[in-house]
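Trainee: Structure below; questions to follow.
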2 protein chains.
Amino acid sequence: MTHLTREDAEARDAASPLRGRRELFDLPDGVVYLCGNSLGALPRHVPDRLAAVVRREWGSELVRGWNSADWTHLNARCGARIAPLIGAAPEDVTVGDSTSVTLFKAMVAAARLRPDRRVVVLEPTTFPTDGYVAQGVAALLDLELRWCDPADPAASLDEDVAVLALTHVDFRSGAMFDLPGLTAAAHAVGAVTLWDLCHSTGAVPVDLAAADADLAVGCTYKYLNGGPGSPAFVWAAPRLQDSLDQPITGWWGHAAPFEMHRDFEPAPGIQRMVVGTPPVLALSALESALEVFDGVATADLRAASLALTDHLVELVESRVDGFELITPREHERRGSQVSFRHPDAYGVVQALIARGVVGDFRTPDVARFGVAPLYVRHVDLWDAVEHLVTVMESEEHLDPAYARRLAVT
Amino acid sequence: MTHLTREDAEARDAASPLRGRRELFDLPDGVVYLCGNSLGALPRHVPDRLAAVVRREWGSELVRGWNSADWTHLNARCGARIAPLIGAAPEDVTVGDSTSVTLFKAMVAAARLRPDRRVVVLEPTTFPTDGYVAQGVAALLDLELRWCDPADPAASLDEDVAVLALTHVDFRSGAMFDLPGLTAAAHAVGAVTLWDLCHSTGAVPVDLAAADADLAVGCTYKYLNGGPGSPAFVWAAPRLQDSLDQPITGWWGHAAPFEMHRDFEPAPGIQRMVVGTPPVLALSALESALEVFDGVATADLRAASLALTDHLVELVESRVDGFELITPREHERRGSQVSFRHPDAYGVVQALIARGVVGDFRTPDVARFGVAPLYVRHVDLWDAVEHLVTVMESEEHLDPAYARRLAVT
């Protein structure tokens with residue numbers, strides 16, 4: 001049994017540099033939300049901003065909104081707000097298409113930087129869409145996929161490798177790769193890196209510039225709270241941008257879109273990664289959502305995330321039996337979630353959801369709890385584990401009423 | 001001078017089967033909106049629907065919204081609502097990515113249906129993104145682009161042609177191609193057709209099934225009023241769907257996305273054209289916007305569009321000098337806009353906008369007036385031309401204050 005009390009949890013929250021940030025979110029009463037790594041919570045000011053965009057910018061300005069509301073720069077405006085969370089300059093990030101489409105563009109562009117090489121290294125436990133997209137890219141460009149050992153991706157690197165494409169934080173276990181170290185290993189054999197930051201950005205800061213990384217893509221509806229299906233971001237190192245040859249050459253990535261020239265000429269900088277007319281409603285919601293990060297130091301974000309995940313591990317391991325931690329204990333290998341293996345994981349997750357503790361289940365036996373440090377507090381984790389203790393004691397998790405549900409990452 | 005009066009215009013509106021539909025839109029007072037071919041007006045019920053999606057579905061349901069609000073089927077739900085406007089079965093249309101991304105997917109899939117052929121025919125006056133995307137596809141698949149004579153695309157067809165890719169209605173002139181005739185001509189040489197319906201759908205009904213067309217893509221933020229940058233739709237003939245090999249193989253197009261298998265297996269039917277997690281806010285706005293078409297017969301839509309564009313041509317030609325009609329007079333060759341060439345077109349459009357008559361300018365000398373038959377009435381056109389007469393008489397269009405502006409299609 002732990003010596004921790006709920007009062008200890010409250011005291012830790014009161015001492016956090018992120019205290020009060022939770023008030024920027026509109027979370028339902030009675031819910032402990034531990035699924036922000038799947039879909040982030042609603043920032044409180046987003047509904048009013050979106051309503052203004054719809055009624056005032058679209059409804060009243062109509063087509064004039066492209067200029068009067070500056071919709072033309074929404075991709076870049078959103079990118080600039082994300083940049084500090086990933087160690088990027090504001091002008092080096094843009095936002096626009098879905099995560100899968102963005103991965104596709106970035107992977108083709110990355111492979112084309114090494115036209116004389118034919119291998120893409122990726123790991124088999126990556127989020128499925130990364131592997132699926134890579135299969136599509138390999139078919140198009142006649143590349144070979146090399147599935148590495150997640151315990152040692154560097155062992156799969158050699159001078160045939162064009163691209164090392166890894167997900168920084170594993171969606172299932174929460175294990176984190178050594179981004180600077182693997183980037184250096186890839187560069188040592190002349191390969192380009194493509195980092196998927198979907199399960200990092202907004203909870204696990206990275207410093208892409210310091211790591212001398214090449215390309216990165218990330219999701220905005222998880223820890224960035226952009227709303228369901230909000231568009232992804234893409235970053236490329238400034239040294240590479242004007243060499244990027246991405247395959248979906250749409251008018252919004254043209255050097256002069258409004259000149260309506262017949263031939264495509266890519267825009268300078270990261271803008272060439274943009275494709276079509278910007279999704280104004282989605283980008284406006286995202287831009288507004290990103291305000292919750294204003295004034296947050298990335299070091300505080302990371303410290304809070306680690307303190308919270310440590311707290312959750314300690315509470316679970318000391319108060320219930322049978323839960324095997326699959327998230328690394330070492331801070332330098334942990335993202336911002338805690339996952340346990342349990343034979344009845346599915347029922348446990350369902351029983352917790354019925355009690356308002358929203359985590360999720362990953363096949364075949366993983367209970368996954370995301371910790372979004374801006375709105376998850378130590379007391380929330382205390383309360384969640386109180387519920388977990390009750391579930392296990394009362395055997396609610398064995399109730400057959402918990403039917404199989406769809407799991408959405 | 002025409003014999004038409006404002007009372008005649010009112011009488012025509014009163015007799016229209018579409019009378020009253022304008023009340024479903026929230027149009028600003030004092031504006032005659034003739035730019036619905038660029039960005040459609042705001043349907044009145046969209047703001048409340050979007051607010052409910054944000055606050056209730058996202059904010060309260062959080063990740064559970066994927067099931068409780070059925071977000072997982074939004075792509076298909078939107079597609080089913082568009083289907084009747086294009087002569088498609090509800091299950092054969094889906095919606096998700098930007099128009100340019102959707103064109104890319106469809107063009108690659110179309111070309112792969114004819115792997116032994118190397119030519120894509122397109123026309124040089126197409127909207128630029130169509131040509132840009134084709135250039136990107138050609139580079140990927142080692143294809144040749146053949147730019148046809150817009151007056152006779154069929155003359156460019158031969159047995160080397162894999163894909164005939166045409167925009168049904170020209171964005172600049174409003175000229176319309178013979179979709180059934182050109183589809184048949186393409187089929188006669190064994191080519192596949194890809195129709196861009198961006199400037200048709202919602203104002204110019206087409207019957208893709210009757211024409212035995214192959215693939216089609218269209219925009220939803222013009223005559224479909226989905227909001228700025230809303231996602232595009234794609235249709236493919238049922239006979240082709242299970243042969244479509246589209247290149248962006250994301251998890252939402254997988255046969256079993258939630259099984260999280262390592263290898264990609266395309267979903268049956270049109271679902272394989274979907275890529276990433278659906279953009280829920282954008283699709284929800286679109287789904288709601290499409291309700292304005294409930295109960296509209298496509299024949300009435302077309303009849304209203306032609307009556308209105310005839311009316312506008314007659315009014316302009318009889319009341320002002322110097323405007324050269326570039327939109328075809330023949331109904332079977334006209335979309336739902338009216339474009340005039342005038343040496344001072346830029347100033348004319350700006351002077352009209354200053355008076356609340358919103359059309360737009362296309363370089364170098366085209367004034368373009370879109371007619372969205374659900375909310376543009378004969379009296380609106382009467383009033384617009386009254387303003388035009390005043391502008392020309394008072395020479396407001398020569399005012400140097402009208403600086404160059406960005407034009408967004």
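We name chains A, B, ... following the order of the structure tokens; residues begin at 1 in each chain, and ligands are numbered from 1 as shown.
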Please provide the set of residues having any atom within 9 Å of Thr201 (chain A), restricted to only C-alpha atoms, with same-chain residues fewer than 5 positions apart removed, written as a PDB file with all heavy atoms, in the first residue's frame.
Mentor:
ATOM      1  N   ILE A  82       2.363  25.933 -33.292  1.00  0.00           N
ATOM      2  CA  ILE A  82       2.844  24.599 -32.902  1.00  0.00           C
ATOM      3  C   ILE A  82       4.366  24.588 -32.758  1.00  0.00           C
ATOM      4  O   ILE A  82       4.921  23.854 -31.940  1.00  0.00           O
ATOM      5  CB  ILE A  82       2.375  23.559 -33.949  1.00  0.00           C
ATOM      6  CG1 ILE A  82       0.855  23.418 -33.888  1.00  0.00           C
ATOM      7  CG2 ILE A  82       3.058  22.199 -33.739  1.00  0.00           C
ATOM      8  CD1 ILE A  82       0.250  22.664 -35.061  1.00  0.00           C
ATOM      9  N   LEU A  85       6.533  24.021 -29.595  1.00  0.00           N
ATOM     10  CA  LEU A  85       6.381  22.735 -28.906  1.00  0.00           C
ATOM     11  C   LEU A  85       7.262  21.645 -29.498  1.00  0.00           C
ATOM     12  O   LEU A  85       7.415  20.575 -28.912  1.00  0.00           O
ATOM     13  CB  LEU A  85       4.910  22.288 -28.958  1.00  0.00           C
ATOM     14  CG  LEU A  85       3.915  23.260 -28.307  1.00  0.00           C
ATOM     15  CD1 LEU A  85       2.480  22.840 -28.615  1.00  0.00           C
ATOM     16  CD2 LEU A  85       4.130  23.330 -26.797  1.00  0.00           C
ATOM     17  N   ILE A  86       7.816  21.896 -30.672  1.00  0.00           N
ATOM     18  CA  ILE A  86       8.633  20.875 -31.347  1.00  0.00           C
ATOM     19  C   ILE A  86      10.041  21.381 -31.668  1.00  0.00           C
ATOM     20  O   ILE A  86      10.760  20.756 -32.440  1.00  0.00           O
ATOM     21  CB  ILE A  86       7.932  20.355 -32.638  1.00  0.00           C
ATOM     22  CG1 ILE A  86       7.640  21.493 -33.620  1.00  0.00           C
ATOM     23  CG2 ILE A  86       6.647  19.619 -32.278  1.00  0.00           C
ATOM     24  CD1 ILE A  86       7.115  21.017 -34.979  1.00  0.00           C
ATOM     25  N   VAL A 206       9.695  18.083 -28.025  1.00  0.00           N
ATOM     26  CA  VAL A 206      10.904  17.610 -28.702  1.00  0.00           C
ATOM     27  C   VAL A 206      11.625  18.844 -29.239  1.00  0.00           C
ATOM     28  O   VAL A 206      11.041  19.921 -29.359  1.00  0.00           O
ATOM     29  CB  VAL A 206      10.596  16.627 -29.861  1.00  0.00           C
ATOM     30  CG1 VAL A 206       9.900  15.387 -29.343  1.00  0.00           C
ATOM     31  CG2 VAL A 206       9.776  17.289 -30.943  1.00  0.00           C
ATOM     32  N   GLY A 218       2.869  15.500 -37.414  1.00  0.00           N
ATOM     33  CA  GLY A 218       2.182  15.214 -36.158  1.00  0.00           C
ATOM     34  C   GLY A 218       0.711  15.537 -36.216  1.00  0.00           C
ATOM     35  O   GLY A 218       0.244  16.326 -37.046  1.00  0.00           O
ATOM     36  N   CYS A 219       0.010  14.904 -35.305  1.00  0.00           N
ATOM     37  CA  CYS A 219      -1.437  15.028 -35.203  1.00  0.00           C
ATOM     38  C   CYS A 219      -1.789  16.221 -34.330  1.00  0.00           C
ATOM     39  O   CYS A 219      -1.065  16.552 -33.397  1.00  0.00           O
ATOM     40  CB  CYS A 219      -1.943  13.743 -34.547  1.00  0.00           C
ATOM     41  SG  CYS A 219      -3.691  13.704 -34.252  1.00  0.00           S
ATOM     42  N   THR A 220      -2.916  16.847 -34.598  1.00  0.00           N
ATOM     43  CA  THR A 220      -3.323  18.000 -33.774  1.00  0.00           C
ATOM     44  C   THR A 220      -4.584  17.728 -32.971  1.00  0.00           C
ATOM     45  O   THR A 220      -5.064  18.619 -32.274  1.00  0.00           O
ATOM     46  CB  THR A 220      -3.559  19.249 -34.649  1.00  0.00           C
ATOM     47  OG1 THR A 220      -4.694  19.018 -35.501  1.00  0.00           O
ATOM     48  CG2 THR A 220      -2.343  19.578 -35.490  1.00  0.00           C
ATOM     49  N   LYS A 222      -4.924  15.172 -30.773  1.00  0.00           N
ATOM     50  CA  LYS A 222      -4.623  14.454 -29.532  1.00  0.00           C
ATOM     51  C   LYS A 222      -4.246  15.501 -28.476  1.00  0.00           C
ATOM     52  O   LYS A 222      -5.110  16.220 -27.985  1.00  0.00           O
ATOM     53  CB  LYS A 222      -3.537  13.419 -29.791  1.00  0.00           C
ATOM     54  CG  LYS A 222      -3.975  12.373 -30.832  1.00  0.00           C
ATOM     55  CD  LYS A 222      -2.858  11.385 -31.129  1.00  0.00           C
ATOM     56  CE  LYS A 222      -3.245  10.463 -32.278  1.00  0.00           C
ATOM     57  NZ  LYS A 222      -4.297   9.510 -31.917  1.00  0.00           N
ATOM     58  N   TYR A 223      -2.966  15.611 -28.157  1.00  0.00           N
ATOM     59  CA  TYR A 223      -2.569  16.554 -27.094  1.00  0.00           C
ATOM     60  C   TYR A 223      -2.661  18.022 -27.521  1.00  0.00           C
ATOM     61  O   TYR A 223      -2.438  18.903 -26.708  1.00  0.00           O
ATOM     62  CB  TYR A 223      -1.153  16.236 -26.638  1.00  0.00           C
ATOM     63  CG  TYR A 223      -0.984  14.894 -25.978  1.00  0.00           C
ATOM     64  CD1 TYR A 223      -0.159  13.920 -26.542  1.00  0.00           C
ATOM     65  CD2 TYR A 223      -1.610  14.584 -24.779  1.00  0.00           C
ATOM     66  CE1 TYR A 223       0.035  12.690 -25.937  1.00  0.00           C
ATOM     67  CE2 TYR A 223      -1.429  13.350 -24.168  1.00  0.00           C
ATOM     68  CZ  TYR A 223      -0.604  12.405 -24.753  1.00  0.00           C
ATOM     69  OH  TYR A 223      -0.409  11.191 -24.138  1.00  0.00           O
ATOM     70  N   LEU A 224      -2.949  18.269 -28.795  1.00  0.00           N
ATOM     71  CA  LEU A 224      -3.104  19.668 -29.227  1.00  0.00           C
ATOM     72  C   LEU A 224      -4.565  20.110 -29.258  1.00  0.00           C
ATOM     73  O   LEU A 224      -4.847  21.275 -29.533  1.00  0.00           O
ATOM     74  CB  LEU A 224      -2.423  19.901 -30.583  1.00  0.00           C
ATOM     75  CG  LEU A 224      -0.898  19.735 -30.578  1.00  0.00           C
ATOM     76  CD1 LEU A 224      -0.320  20.037 -31.959  1.00  0.00           C
ATOM     77  CD2 LEU A 224      -0.224  20.630 -29.538  1.00  0.00           C
TER      78      LEU A 224
END
Trainee: Give me every strand (DSSP E or B) residue in region 85-180 of chain B, going by DSSP on the backbone, as a list of chain:residue names.
Mentor: B:Val93, B:Thr94, B:Val95, B:Val119, B:Val120, B:Val121, B:Leu122, B:Glu144, B:Leu145, B:Arg146, B:Trp147, B:Val161, B:Ala162, B:Val163, B:Leu164, B:Ala165, B:Leu166, B:Thr167, B:Val169, B:Ala175, B:Met176
Trainee: Restrict the selected residues to C-alpha atoms and save them as an mmCIF file, in the first residue's frame.
Mentor:
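Output saved as out-v2.cif:
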data_model
loop_
_atom_site.group_PDB
_atom_site.id
_atom_site.type_symbol
_atom_site.label_atom_id
_atom_site.label_comp_id
_atom_site.auth_asym_id
_atom_site.auth_seq_id
_atom_site.Cartn_x
_atom_site.Cartn_y
_atom_site.Cartn_z
ATOM 1 C CA VAL B 93 -19.864 8.656 -53.017
ATOM 2 C CA THR B 94 -17.564 9.614 -50.171
ATOM 3 C CA VAL B 95 -16.102 12.863 -48.847
ATOM 4 C CA VAL B 119 -1.113 9.589 -71.720
ATOM 5 C CA VAL B 120 -3.407 11.805 -69.671
ATOM 6 C CA VAL B 121 -5.474 14.251 -71.713
ATOM 7 C CA LEU B 122 -6.476 17.487 -70.034
ATOM 8 C CA GLU B 144 2.743 12.172 -70.515
ATOM 9 C CA LEU B 145 0.318 15.091 -70.327
ATOM 10 C CA ARG B 146 -1.443 15.946 -73.553
ATOM 11 C CA TRP B 147 -3.053 19.384 -73.470
ATOM 12 C CA VAL B 161 -4.711 7.619 -73.693
ATOM 13 C CA ALA B 162 -5.181 6.213 -70.206
ATOM 14 C CA VAL B 163 -7.259 9.034 -68.736
ATOM 15 C CA LEU B 164 -9.348 11.885 -70.061
ATOM 16 C CA ALA B 165 -9.455 14.399 -67.203
ATOM 17 C CA LEU B 166 -11.767 17.338 -67.773
ATOM 18 C CA THR B 167 -13.465 19.996 -65.717
ATOM 19 C CA VAL B 169 -17.805 23.549 -66.244
ATOM 20 C CA ALA B 175 -18.682 26.835 -70.599
ATOM 21 C CA MET B 176 -19.810 23.267 -70.079
#
Trainee: Just give me the gap between CA of Glu10 (chain B) and CA of Asp380 (chain B) in Å, one decimal is fine.
Mentor: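 Result for CA of Glu10 (chain B) versus CA of Asp380 (chain B): 9.5 Å, one decimal.
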Trainee: Do a neighbour search on Arg172 (chain B) at 9 Å with only C-alpha atoms, toss out local chain neighbours closer than 6 positions, and write the hits as an MDAnalysis selection string.
Mentor: chainID B and resid 125:127 326:327 339 362 366:368
Trainee: Print the selection's residues with N, CA and C atoms to a file, as a short mmCIF file (atom, residue, chain, number, x, y, z; two decimals), in the first residue's frame.
Mentor:
data_model
loop_
_atom_site.label_atom_id
_atom_site.label_comp_id
_atom_site.auth_asym_id
_atom_site.auth_seq_id
_atom_site.Cartn_x
_atom_site.Cartn_y
_atom_site.Cartn_z
N THR B 125 -7.20 25.25 -70.16
CA THR B 125 -7.93 26.30 -69.45
C THR B 125 -8.60 25.76 -68.19
N THR B 126 -8.29 24.53 -67.84
CA THR B 126 -8.85 23.96 -66.61
C THR B 126 -8.41 24.77 -65.40
N PHE B 127 -9.14 24.61 -64.30
CA PHE B 127 -8.70 25.30 -63.10
C PHE B 127 -7.29 24.83 -62.77
N ILE B 326 -18.79 35.80 -72.68
CA ILE B 326 -17.93 34.66 -73.05
C ILE B 326 -18.54 33.33 -72.60
N THR B 327 -19.65 33.41 -71.90
CA THR B 327 -20.38 32.19 -71.53
C THR B 327 -21.25 31.77 -72.71
N SER B 339 -20.16 35.09 -67.53
CA SER B 339 -18.90 35.83 -67.54
C SER B 339 -18.85 36.74 -68.75
N ARG B 362 -11.55 37.75 -63.00
CA ARG B 362 -10.56 36.73 -63.40
C ARG B 362 -9.62 37.36 -64.41
N VAL B 366 -11.89 39.46 -67.18
CA VAL B 366 -13.18 38.78 -67.08
C VAL B 366 -13.89 39.15 -65.77
N ALA B 367 -15.16 39.57 -65.93
CA ALA B 367 -16.05 39.76 -64.78
C ALA B 367 -16.97 38.54 -64.73
N ARG B 368 -16.99 37.88 -63.59
CA ARG B 368 -17.64 36.58 -63.48
C ARG B 368 -18.74 36.66 -62.43
#
Trainee: Provide as a PyMOL selection string the residues of chain A at most 7 Å from chain B, counting only C-alpha atoms.
Mentor: chain A and resi 26-28+39+41-42+47+51+54-55+58-60+62-63+98-101+104+124+128-129+131-133+136+228-230+247-251+258+260-264+275-282+406-407
Trainee: Might you pull out every residue within 12 Å of Arg6 (chain B), with only C-alpha atoms counted and same-chain residues fewer than 4 positions away left off, and present them as JSON, numbers by chain?
Mentor: {"B": [2, 10, 11, 12, 13, 311, 315, 377, 378, 379, 380, 381, 382, 383, 384, 385, 386]}
Trainee: Generate the output file for the selected residues, N, CA, C and O atoms, as an mmCIF file, in the first residue's frame.
Mentor:
data_model
loop_
_atom_site.group_PDB
_atom_site.id
_atom_site.type_symbol
_atom_site.label_atom_id
_atom_site.label_comp_id
_atom_site.auth_asym_id
_atom_site.auth_seq_id
_atom_site.Cartn_x
_atom_site.Cartn_y
_atom_site.Cartn_z
ATOM 1 N N THR B 2 -34.203 46.671 -72.694
ATOM 2 C CA THR B 2 -35.105 45.552 -72.500
ATOM 3 C C THR B 2 -36.484 46.035 -72.072
ATOM 4 O O THR B 2 -36.639 47.117 -71.525
ATOM 5 N N GLU B 10 -39.841 39.832 -60.232
ATOM 6 C CA GLU B 10 -40.562 39.336 -59.050
ATOM 7 C C GLU B 10 -41.559 38.244 -59.431
ATOM 8 O O GLU B 10 -41.713 37.243 -58.726
ATOM 9 N N ALA B 11 -42.213 38.442 -60.547
ATOM 10 C CA ALA B 11 -43.210 37.455 -60.986
ATOM 11 C C ALA B 11 -42.529 36.124 -61.315
ATOM 12 O O ALA B 11 -43.042 35.043 -60.985
ATOM 13 N N ARG B 12 -41.368 36.211 -61.952
ATOM 14 C CA ARG B 12 -40.644 34.972 -62.268
ATOM 15 C C ARG B 12 -40.224 34.253 -60.982
ATOM 16 O O ARG B 12 -40.290 33.026 -60.893
ATOM 17 N N ASP B 13 -39.761 35.029 -60.005
ATOM 18 C CA ASP B 13 -39.370 34.393 -58.737
ATOM 19 C C ASP B 13 -40.565 33.721 -58.070
ATOM 20 O O ASP B 13 -40.449 32.625 -57.518
ATOM 21 N N HIS B 311 -31.678 35.457 -67.871
ATOM 22 C CA HIS B 311 -32.156 36.754 -67.385
ATOM 23 C C HIS B 311 -30.991 37.732 -67.224
ATOM 24 O O HIS B 311 -31.053 38.890 -67.674
ATOM 25 N N LEU B 315 -30.390 41.192 -69.356
ATOM 26 C CA LEU B 315 -30.337 42.487 -68.680
ATOM 27 C C LEU B 315 -29.035 43.224 -68.996
ATOM 28 O O LEU B 315 -29.050 44.416 -69.311
ATOM 29 N N ARG B 377 -32.077 35.235 -56.858
ATOM 30 C CA ARG B 377 -33.397 35.374 -57.487
ATOM 31 C C ARG B 377 -33.303 36.308 -58.698
ATOM 32 O O ARG B 377 -32.330 37.050 -58.851
ATOM 33 N N HIS B 378 -34.337 36.294 -59.499
ATOM 34 C CA HIS B 378 -34.391 37.237 -60.630
ATOM 35 C C HIS B 378 -34.283 38.678 -60.142
ATOM 36 O O HIS B 378 -33.627 39.506 -60.773
ATOM 37 N N VAL B 379 -34.921 38.989 -59.025
ATOM 38 C CA VAL B 379 -34.847 40.387 -58.538
ATOM 39 C C VAL B 379 -33.427 40.739 -58.107
ATOM 40 O O VAL B 379 -33.022 41.900 -58.239
ATOM 41 N N ASP B 380 -32.695 39.781 -57.605
ATOM 42 C CA ASP B 380 -31.308 40.082 -57.237
ATOM 43 C C ASP B 380 -30.510 40.462 -58.477
ATOM 44 O O ASP B 380 -29.676 41.373 -58.442
ATOM 45 N N LEU B 381 -30.764 39.757 -59.558
ATOM 46 C CA LEU B 381 -30.047 40.045 -60.795
ATOM 47 C C LEU B 381 -30.486 41.402 -61.349
ATOM 48 O O LEU B 381 -29.674 42.164 -61.880
ATOM 49 N N TRP B 382 -31.768 41.681 -61.236
ATOM 50 C CA TRP B 382 -32.265 43.002 -61.641
ATOM 51 C C TRP B 382 -31.530 44.091 -60.862
ATOM 52 O O TRP B 382 -31.001 45.043 -61.422
ATOM 53 N N ASP B 383 -31.477 43.908 -59.547
ATOM 54 C CA ASP B 383 -30.826 44.919 -58.709
ATOM 55 C C ASP B 383 -29.340 45.033 -59.039
ATOM 56 O O ASP B 383 -28.772 46.131 -59.060
ATOM 57 N N ALA B 384 -28.704 43.894 -59.305
ATOM 58 C CA ALA B 384 -27.272 43.908 -59.648
ATOM 59 C C ALA B 384 -27.036 44.733 -60.908
ATOM 60 O O ALA B 384 -26.088 45.533 -60.981
ATOM 61 N N VAL B 385 -27.904 44.538 -61.878
ATOM 62 C CA VAL B 385 -27.698 45.255 -63.144
ATOM 63 C C VAL B 385 -28.048 46.738 -62.990
ATOM 64 O O VAL B 385 -27.425 47.590 -63.632
ATOM 65 N N GLU B 386 -28.999 47.056 -62.146
ATOM 66 C CA GLU B 386 -29.234 48.471 -61.818
ATOM 67 C C GLU B 386 -27.939 49.110 -61.304
ATOM 68 O O GLU B 386 -27.564 50.210 -61.713
#
Trainee: I need the residue nearest Asp152 (chain A) from this list: A:Gly181, A:Pro343, A:Gly174, A:Gly30. Use only C-alpha atoms for the distance.
Mentor: A:Gly181
Trainee: Taking into account only C-alpha atoms, which residue in the set A:Ile270, A:Ala351, A:Thr309, A:Leu240 is nearest to Ser394 (chain A)?
Mentor: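 Looking at the shortest contact to Ser394 (chain A), the residue is A:Ala351.
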Trainee: Using DSSP assignments from the backbone, pull out every residue in region 19-245 of chain B that falls under helix (DSSP H, G or I) and give it to me as a ChimeraX atom specification.
Mentor: /B:21-24,46-68,71-85,90-92,99-112,128-141,153-156,179-188,238-241
Trainee: Between CA of Ala203 (chain A) and CA of Asp321 (chain A), what is the distance, to one decimal in Å?
Mentor: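 CA of Asp321 (chain A) lies 28.4 Å from CA of Ala203 (chain A).
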Trainee: Restricting the calculation to only C-alpha atoms, which member of A:Asp116, A:Glu332, A:Glu291, A:Asp92 is positioned closest to Val204 (chain A)?
Mentor: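 Ranking A:Asp116, A:Glu332, A:Glu291, A:Asp92 by distance to Val204 (chain A), first place goes to A:Glu332.
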Trainee: Using only C-alpha atoms, find the one residue out of B:Leu208, B:Ser243, B:Val234, B:Asp196 that sits nearest to Thr183 (chain B).
Mentor: B:Leu208
Trainee: Work out how far apart CA of Ala236 (chain A) and CA of Arg117 (chain A) are and give it in Å to one decimal.
Mentor: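 Between these atoms lies a distance of 20.0 Å.
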